[in-house]
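final.pdb (PDB, C-alpha atoms)
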MODEL        1
ATOM      1  CA  MET Z 174       0.000   0.000   0.000  1.00  0.00           C
ATOM      2  CA  SER Z 175       2.928   2.355   0.301  1.00  0.00           C
ATOM      3  CA  GLY Z 176       3.332   4.531  -2.787  1.00  0.00           C
ATOM      4  CA  ASP Z 177       6.278   6.510  -3.992  1.00  0.00           C
ATOM      5  CA  VAL Z 178       6.834   9.777  -2.195  1.00  0.00           C
ATOM      6  CA  VAL Z 179       6.887  12.686  -4.634  1.00  0.00           C
ATOM      7  CA  ASN Z 180       8.441  16.019  -3.829  1.00  0.00           C
ATOM      8  CA  LEU Z 181       6.054  18.520  -5.390  1.00  0.00           C
ATOM      9  CA  ARG Z 182       8.589  21.356  -5.417  1.00  0.00           C
ATOM     10  CA  GLN Z 183      11.002  19.298  -7.517  1.00  0.00           C
ATOM     11  CA  PHE Z 184       8.164  18.121  -9.748  1.00  0.00           C
ATOM     12  CA  ARG Z 185       7.133  21.739 -10.426  1.00  0.00           C
ATOM     13  CA  LYS Z 186      10.718  22.734 -11.197  1.00  0.00           C
ATOM     14  CA  VAL Z 187      11.131  19.867 -13.657  1.00  0.00           C
ATOM     15  CA  LYS Z 188       7.853  20.776 -15.331  1.00  0.00           C
ATOM     16  CA  ALA Z 189       8.840  24.457 -15.554  1.00  0.00           C
ATOM     17  CA  ARG Z 190      12.225  23.542 -17.078  1.00  0.00           C
ATOM     18  CA  SER Z 191      10.610  21.363 -19.721  1.00  0.00           C
ATOM     19  CA  GLU Z 192       8.136  24.129 -20.626  1.00  0.00           C
ATOM     20  CA  LYS Z 193      10.977  26.664 -20.884  1.00  0.00           C
ATOM     21  CA  GLU Z 194      12.901  24.259 -23.115  1.00  0.00           C
ATOM     22  CA  LYS Z 195       9.883  23.874 -25.406  1.00  0.00           C
ATOM     23  CA  GLN Z 196       9.578  27.670 -25.646  1.00  0.00           C
ATOM     24  CA  ALA Z 197      13.308  28.000 -26.307  1.00  0.00           C
ATOM     25  CA  GLU Z 198      13.054  25.476 -29.131  1.00  0.00           C
ATOM     26  CA  GLN Z 199      10.221  27.453 -30.704  1.00  0.00           C
ATOM     27  CA  ASN Z 200      12.276  30.664 -30.401  1.00  0.00           C
ATOM     28  CA  ARG Z 201      15.283  29.014 -32.025  1.00  0.00           C
ATOM     29  CA  ILE Z 202      13.110  27.971 -34.943  1.00  0.00           C
ATOM     30  CA  SER Z 203      11.435  31.369 -35.248  1.00  0.00           C
ATOM     31  CA  PHE Z 204      14.297  33.787 -34.577  1.00  0.00           C
ATOM     32  CA  GLY Z 205      17.552  31.875 -34.651  1.00  0.00           C
ATOM     33  CA  ARG Z 206      20.098  32.528 -37.357  1.00  0.00           C
ATOM     34  CA  THR Z 207      23.607  31.250 -37.546  1.00  0.00           C
ATOM     35  CA  LYS Z 208      26.585  33.583 -37.537  1.00  0.00           C
ATOM     36  CA  SER Z 209      27.281  32.801 -41.183  1.00  0.00           C
ATOM     37  CA  GLU Z 210      23.698  33.729 -42.126  1.00  0.00           C
ATOM     38  CA  LYS Z 211      24.055  37.046 -40.293  1.00  0.00           C
ATOM     39  CA  ASN Z 212      27.385  37.737 -42.041  1.00  0.00           C
ATOM     40  CA  LEU Z 213      25.866  36.897 -45.433  1.00  0.00           C
ATOM     41  CA  THR Z 214      22.965  39.288 -44.851  1.00  0.00           C
ATOM     42  CA  LYS Z 215      25.359  42.019 -43.742  1.00  0.00           C
ATOM     43  CA  ALA Z 216      27.546  41.534 -46.835  1.00  0.00           C
ATOM     44  CA  LEU Z 217      24.545  41.616 -49.173  1.00  0.00           C
ATOM     45  CA  ASN Z 218      23.263  44.808 -47.547  1.00  0.00           C
ATOM     46  CA  GLU Z 219      26.669  46.483 -47.864  1.00  0.00           C
ATOM     47  CA  LYS Z 220      26.902  45.439 -51.527  1.00  0.00           C
ATOM     48  CA  ALA Z 221      23.449  46.856 -52.255  1.00  0.00           C
ATOM     49  CA  GLU Z 222      24.348  50.099 -50.472  1.00  0.00           C
ATOM     50  CA  ARG Z 223      27.553  50.443 -52.526  1.00  0.00           C
ATOM     51  CA  ALA Z 224      25.625  49.822 -55.759  1.00  0.00           C
ATOM     52  CA  LEU Z 225      23.114  52.480 -54.759  1.00  0.00           C
ATOM     53  CA  ASP Z 226      25.860  54.968 -53.885  1.00  0.00           C
ATOM     54  CA  GLN Z 227      27.556  54.458 -57.262  1.00  0.00           C
ATOM     55  CA  GLY Z 228      24.589  55.981 -59.043  1.00  0.00           C
ATOM     56  CA  ARG Z 229      24.209  58.904 -56.657  1.00  0.00           C
ATOM     57  CA  LEU Z 230      24.747  62.420 -57.965  1.00  0.00           C
ATOM     58  CA  ASP Z 231      26.951  64.885 -56.143  1.00  0.00           C
ATOM     59  CA  LYS Z 232      25.941  68.522 -55.487  1.00  0.00           C
ATOM     60  CA  SER Z 233      27.290  69.806 -58.824  1.00  0.00           C
ATOM     61  CA  GLY Z 234      24.966  67.449 -60.715  1.00  0.00           C
ATOM     62  CA  GLN Z 235      27.689  65.134 -62.012  1.00  0.00           C
ATOM     63  CA  THR Z 236      27.947  61.460 -61.184  1.00  0.00           C
ATOM     64  CA  THR Z 237      30.791  60.366 -58.949  1.00  0.00           C
ATOM     65  CA  GLU Z 238      32.154  58.209 -61.793  1.00  0.00           C
ATOM     66  CA  ASP Z 239      32.768  61.290 -64.010  1.00  0.00           C
ATOM     67  CA  GLU Z 240      35.333  62.839 -61.655  1.00  0.00           C
TER
ENDMDL
END
Just give me the structure as structure tokens.
Amino acid sequence: MSGDVVNLRQFRKVKARSEKEKQAEQNRISFGRTKSEKNLTKALNEKAERALDQGRLDKSGQTTEDE
């Protein structure tokens, strides 16, 4: 008739940890990017900015390539 004694405080902590881990997994899927992905995005943005700046006119009305 004797059952296992369960410490409710430890049970709650284990449950809370598992719920936090599930949430962390969802966040990794939703928001996580690797360092190489971040570097690639940064490089593409810089390249696009340079391409945009190449066609920009200076104050005298000439392109920067004509100088």
Check your understanding: Any idea what the distance is between CA of Lys193 (chain Z) and CA of Leu181 (chain Z)?
Key ->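 Pair CA of Lys193 (chain Z) / CA of Leu181 (chain Z) returns 18.2 Å.
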Practice item. For CA of Glu192 (chain Z) and CA of Gly205 (chain Z), determine how far apart the two atoms are, in Å to one decimal place. Key: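 Separating CA of Glu192 (chain Z) from CA of Gly205 (chain Z) is a distance of 18.6 Å.
Relative to CA of Arg201 (chain Z), CA of Arg182 (chain Z) is found at 28.5 Å.
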Take region 179-220 of chain Z from the block and save it with N, CA and C atoms, as a PDB file, in the first residue's frame.
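Heads up, here's the output in out_5.pdb:
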ATOM      1  N   VAL Z 179       6.543  11.736  -3.584  1.00  0.00           N
ATOM      2  CA  VAL Z 179       6.887  12.686  -4.634  1.00  0.00           C
ATOM      3  C   VAL Z 179       7.062  14.058  -4.008  1.00  0.00           C
ATOM      4  N   ASN Z 180       8.187  14.672  -4.296  1.00  0.00           N
ATOM      5  CA  ASN Z 180       8.441  16.019  -3.829  1.00  0.00           C
ATOM      6  C   ASN Z 180       7.825  16.980  -4.852  1.00  0.00           C
ATOM      7  N   LEU Z 181       6.776  17.671  -4.455  1.00  0.00           N
ATOM      8  CA  LEU Z 181       6.054  18.520  -5.390  1.00  0.00           C
ATOM      9  C   LEU Z 181       6.882  19.706  -5.863  1.00  0.00           C
ATOM     10  N   ARG Z 182       7.739  20.231  -5.023  1.00  0.00           N
ATOM     11  CA  ARG Z 182       8.589  21.356  -5.417  1.00  0.00           C
ATOM     12  C   ARG Z 182       9.497  20.940  -6.560  1.00  0.00           C
ATOM     13  N   GLN Z 183      10.131  19.785  -6.449  1.00  0.00           N
ATOM     14  CA  GLN Z 183      11.002  19.298  -7.517  1.00  0.00           C
ATOM     15  C   GLN Z 183      10.201  18.982  -8.777  1.00  0.00           C
ATOM     16  N   PHE Z 184       9.010  18.432  -8.604  1.00  0.00           N
ATOM     17  CA  PHE Z 184       8.164  18.121  -9.748  1.00  0.00           C
ATOM     18  C   PHE Z 184       7.811  19.398 -10.508  1.00  0.00           C
ATOM     19  N   ARG Z 185       7.472  20.469  -9.794  1.00  0.00           N
ATOM     20  CA  ARG Z 185       7.133  21.739 -10.426  1.00  0.00           C
ATOM     21  C   ARG Z 185       8.332  22.334 -11.164  1.00  0.00           C
ATOM     22  N   LYS Z 186       9.513  22.209 -10.560  1.00  0.00           N
ATOM     23  CA  LYS Z 186      10.718  22.734 -11.197  1.00  0.00           C
ATOM     24  C   LYS Z 186      11.014  21.977 -12.489  1.00  0.00           C
ATOM     25  N   VAL Z 187      10.882  20.673 -12.463  1.00  0.00           N
ATOM     26  CA  VAL Z 187      11.131  19.867 -13.657  1.00  0.00           C
ATOM     27  C   VAL Z 187      10.131  20.225 -14.745  1.00  0.00           C
ATOM     28  N   LYS Z 188       8.889  20.406 -14.366  1.00  0.00           N
ATOM     29  CA  LYS Z 188       7.853  20.776 -15.331  1.00  0.00           C
ATOM     30  C   LYS Z 188       8.137  22.153 -15.922  1.00  0.00           C
ATOM     31  N   ALA Z 189       8.534  23.109 -15.080  1.00  0.00           N
ATOM     32  CA  ALA Z 189       8.840  24.457 -15.554  1.00  0.00           C
ATOM     33  C   ALA Z 189      10.036  24.434 -16.508  1.00  0.00           C
ATOM     34  N   ARG Z 190      11.057  23.640 -16.204  1.00  0.00           N
ATOM     35  CA  ARG Z 190      12.225  23.542 -17.078  1.00  0.00           C
ATOM     36  C   ARG Z 190      11.839  22.977 -18.441  1.00  0.00           C
ATOM     37  N   SER Z 191      10.997  21.955 -18.446  1.00  0.00           N
ATOM     38  CA  SER Z 191      10.610  21.363 -19.721  1.00  0.00           C
ATOM     39  C   SER Z 191       9.781  22.343 -20.549  1.00  0.00           C
ATOM     40  N   GLU Z 192       8.922  23.132 -19.902  1.00  0.00           N
ATOM     41  CA  GLU Z 192       8.136  24.129 -20.626  1.00  0.00           C
ATOM     42  C   GLU Z 192       9.038  25.232 -21.184  1.00  0.00           C
ATOM     43  N   LYS Z 193      10.037  25.649 -20.389  1.00  0.00           N
ATOM     44  CA  LYS Z 193      10.977  26.664 -20.884  1.00  0.00           C
ATOM     45  C   LYS Z 193      11.777  26.127 -22.065  1.00  0.00           C
ATOM     46  N   GLU Z 194      12.150  24.866 -22.015  1.00  0.00           N
ATOM     47  CA  GLU Z 194      12.901  24.259 -23.115  1.00  0.00           C
ATOM     48  C   GLU Z 194      12.049  24.199 -24.380  1.00  0.00           C
ATOM     49  N   LYS Z 195      10.775  23.886 -24.241  1.00  0.00           N
ATOM     50  CA  LYS Z 195       9.883  23.874 -25.406  1.00  0.00           C
ATOM     51  C   LYS Z 195       9.785  25.276 -26.009  1.00  0.00           C
ATOM     52  N   GLN Z 196       9.656  26.287 -25.164  1.00  0.00           N
ATOM     53  CA  GLN Z 196       9.578  27.670 -25.646  1.00  0.00           C
ATOM     54  C   GLN Z 196      10.885  28.085 -26.311  1.00  0.00           C
ATOM     55  N   ALA Z 197      12.004  27.676 -25.736  1.00  0.00           N
ATOM     56  CA  ALA Z 197      13.308  28.000 -26.307  1.00  0.00           C
ATOM     57  C   ALA Z 197      13.460  27.365 -27.689  1.00  0.00           C
ATOM     58  N   GLU Z 198      12.991  26.151 -27.836  1.00  0.00           N
ATOM     59  CA  GLU Z 198      13.054  25.476 -29.131  1.00  0.00           C
ATOM     60  C   GLU Z 198      12.231  26.227 -30.168  1.00  0.00           C
ATOM     61  N   GLN Z 199      11.053  26.674 -29.788  1.00  0.00           N
ATOM     62  CA  GLN Z 199      10.221  27.453 -30.704  1.00  0.00           C
ATOM     63  C   GLN Z 199      10.917  28.758 -31.087  1.00  0.00           C
ATOM     64  N   ASN Z 200      11.562  29.419 -30.123  1.00  0.00           N
ATOM     65  CA  ASN Z 200      12.276  30.664 -30.401  1.00  0.00           C
ATOM     66  C   ASN Z 200      13.461  30.433 -31.328  1.00  0.00           C
ATOM     67  N   ARG Z 201      14.156  29.321 -31.143  1.00  0.00           N
ATOM     68  CA  ARG Z 201      15.283  29.014 -32.025  1.00  0.00           C
ATOM     69  C   ARG Z 201      14.803  28.816 -33.454  1.00  0.00           C
ATOM     70  N   ILE Z 202      13.656  28.183 -33.611  1.00  0.00           N
ATOM     71  CA  ILE Z 202      13.110  27.971 -34.943  1.00  0.00           C
ATOM     72  C   ILE Z 202      12.666  29.299 -35.543  1.00  0.00           C
ATOM     73  N   SER Z 203      12.007  30.121 -34.741  1.00  0.00           N
ATOM     74  CA  SER Z 203      11.435  31.369 -35.248  1.00  0.00           C
ATOM     75  C   SER Z 203      12.478  32.446 -35.483  1.00  0.00           C
ATOM     76  N   PHE Z 204      13.408  32.630 -34.545  1.00  0.00           N
ATOM     77  CA  PHE Z 204      14.297  33.787 -34.577  1.00  0.00           C
ATOM     78  C   PHE Z 204      15.762  33.451 -34.788  1.00  0.00           C
ATOM     79  N   GLY Z 205      16.135  32.233 -34.632  1.00  0.00           N
ATOM     80  CA  GLY Z 205      17.552  31.875 -34.651  1.00  0.00           C
ATOM     81  C   GLY Z 205      18.156  31.925 -36.034  1.00  0.00           C
ATOM     82  N   ARG Z 206      19.311  32.520 -36.127  1.00  0.00           N
ATOM     83  CA  ARG Z 206      20.098  32.528 -37.357  1.00  0.00           C
ATOM     84  C   ARG Z 206      21.540  32.261 -36.973  1.00  0.00           C
ATOM     85  N   THR Z 207      22.211  31.540 -37.828  1.00  0.00           N
ATOM     86  CA  THR Z 207      23.607  31.250 -37.546  1.00  0.00           C
ATOM     87  C   THR Z 207      24.457  32.486 -37.828  1.00  0.00           C
ATOM     88  N   LYS Z 208      25.673  32.459 -37.338  1.00  0.00           N
ATOM     89  CA  LYS Z 208      26.585  33.583 -37.537  1.00  0.00           C
ATOM     90  C   LYS Z 208      26.869  33.771 -39.022  1.00  0.00           C
ATOM     91  N   SER Z 209      27.005  32.686 -39.749  1.00  0.00           N
ATOM     92  CA  SER Z 209      27.281  32.801 -41.183  1.00  0.00           C
ATOM     93  C   SER Z 209      26.094  33.415 -41.923  1.00  0.00           C
ATOM     94  N   GLU Z 210      24.866  33.110 -41.506  1.00  0.00           N
ATOM     95  CA  GLU Z 210      23.698  33.729 -42.126  1.00  0.00           C
ATOM     96  C   GLU Z 210      23.668  35.230 -41.857  1.00  0.00           C
ATOM     97  N   LYS Z 211      24.015  35.621 -40.635  1.00  0.00           N
ATOM     98  CA  LYS Z 211      24.055  37.046 -40.293  1.00  0.00           C
ATOM     99  C   LYS Z 211      25.127  37.759 -41.114  1.00  0.00           C
ATOM    100  N   ASN Z 212      26.299  37.132 -41.260  1.00  0.00           N
ATOM    101  CA  ASN Z 212      27.385  37.737 -42.041  1.00  0.00           C
ATOM    102  C   ASN Z 212      26.999  37.863 -43.510  1.00  0.00           C
ATOM    103  N   LEU Z 213      26.304  36.847 -44.044  1.00  0.00           N
ATOM    104  CA  LEU Z 213      25.866  36.897 -45.433  1.00  0.00           C
ATOM    105  C   LEU Z 213      24.881  38.046 -45.644  1.00  0.00           C
ATOM    106  N   THR Z 214      23.938  38.198 -44.747  1.00  0.00           N
ATOM    107  CA  THR Z 214      22.965  39.288 -44.851  1.00  0.00           C
ATOM    108  C   THR Z 214      23.657  40.631 -44.779  1.00  0.00           C
ATOM    109  N   LYS Z 215      24.617  40.762 -43.879  1.00  0.00           N
ATOM    110  CA  LYS Z 215      25.359  42.019 -43.742  1.00  0.00           C
ATOM    111  C   LYS Z 215      26.127  42.334 -45.024  1.00  0.00           C
ATOM    112  N   ALA Z 216      26.777  41.330 -45.604  1.00  0.00           N
ATOM    113  CA  ALA Z 216      27.546  41.534 -46.835  1.00  0.00           C
ATOM    114  C   ALA Z 216      26.632  41.919 -47.995  1.00  0.00           C
ATOM    115  N   LEU Z 217      25.478  41.285 -48.098  1.00  0.00           N
ATOM    116  CA  LEU Z 217      24.545  41.616 -49.173  1.00  0.00           C
ATOM    117  C   LEU Z 217      24.007  43.037 -49.017  1.00  0.00           C
ATOM    118  N   ASN Z 218      23.738  43.445 -47.792  1.00  0.00           N
ATOM    119  CA  ASN Z 218      23.263  44.808 -47.547  1.00  0.00           C
ATOM    120  C   ASN Z 218      24.328  45.837 -47.905  1.00  0.00           C
ATOM    121  N   GLU Z 219      25.576  45.563 -47.540  1.00  0.00           N
ATOM    122  CA  GLU Z 219      26.669  46.483 -47.864  1.00  0.00           C
ATOM    123  C   GLU Z 219      26.868  46.576 -49.376  1.00  0.00           C
ATOM    124  N   LYS Z 220      26.753  45.445 -50.073  1.00  0.00           N
ATOM    125  CA  LYS Z 220      26.902  45.439 -51.527  1.00  0.00           C
ATOM    126  C   LYS Z 220      25.790  46.260 -52.178  1.00  0.00           C
TER     127      LYS Z 220
END
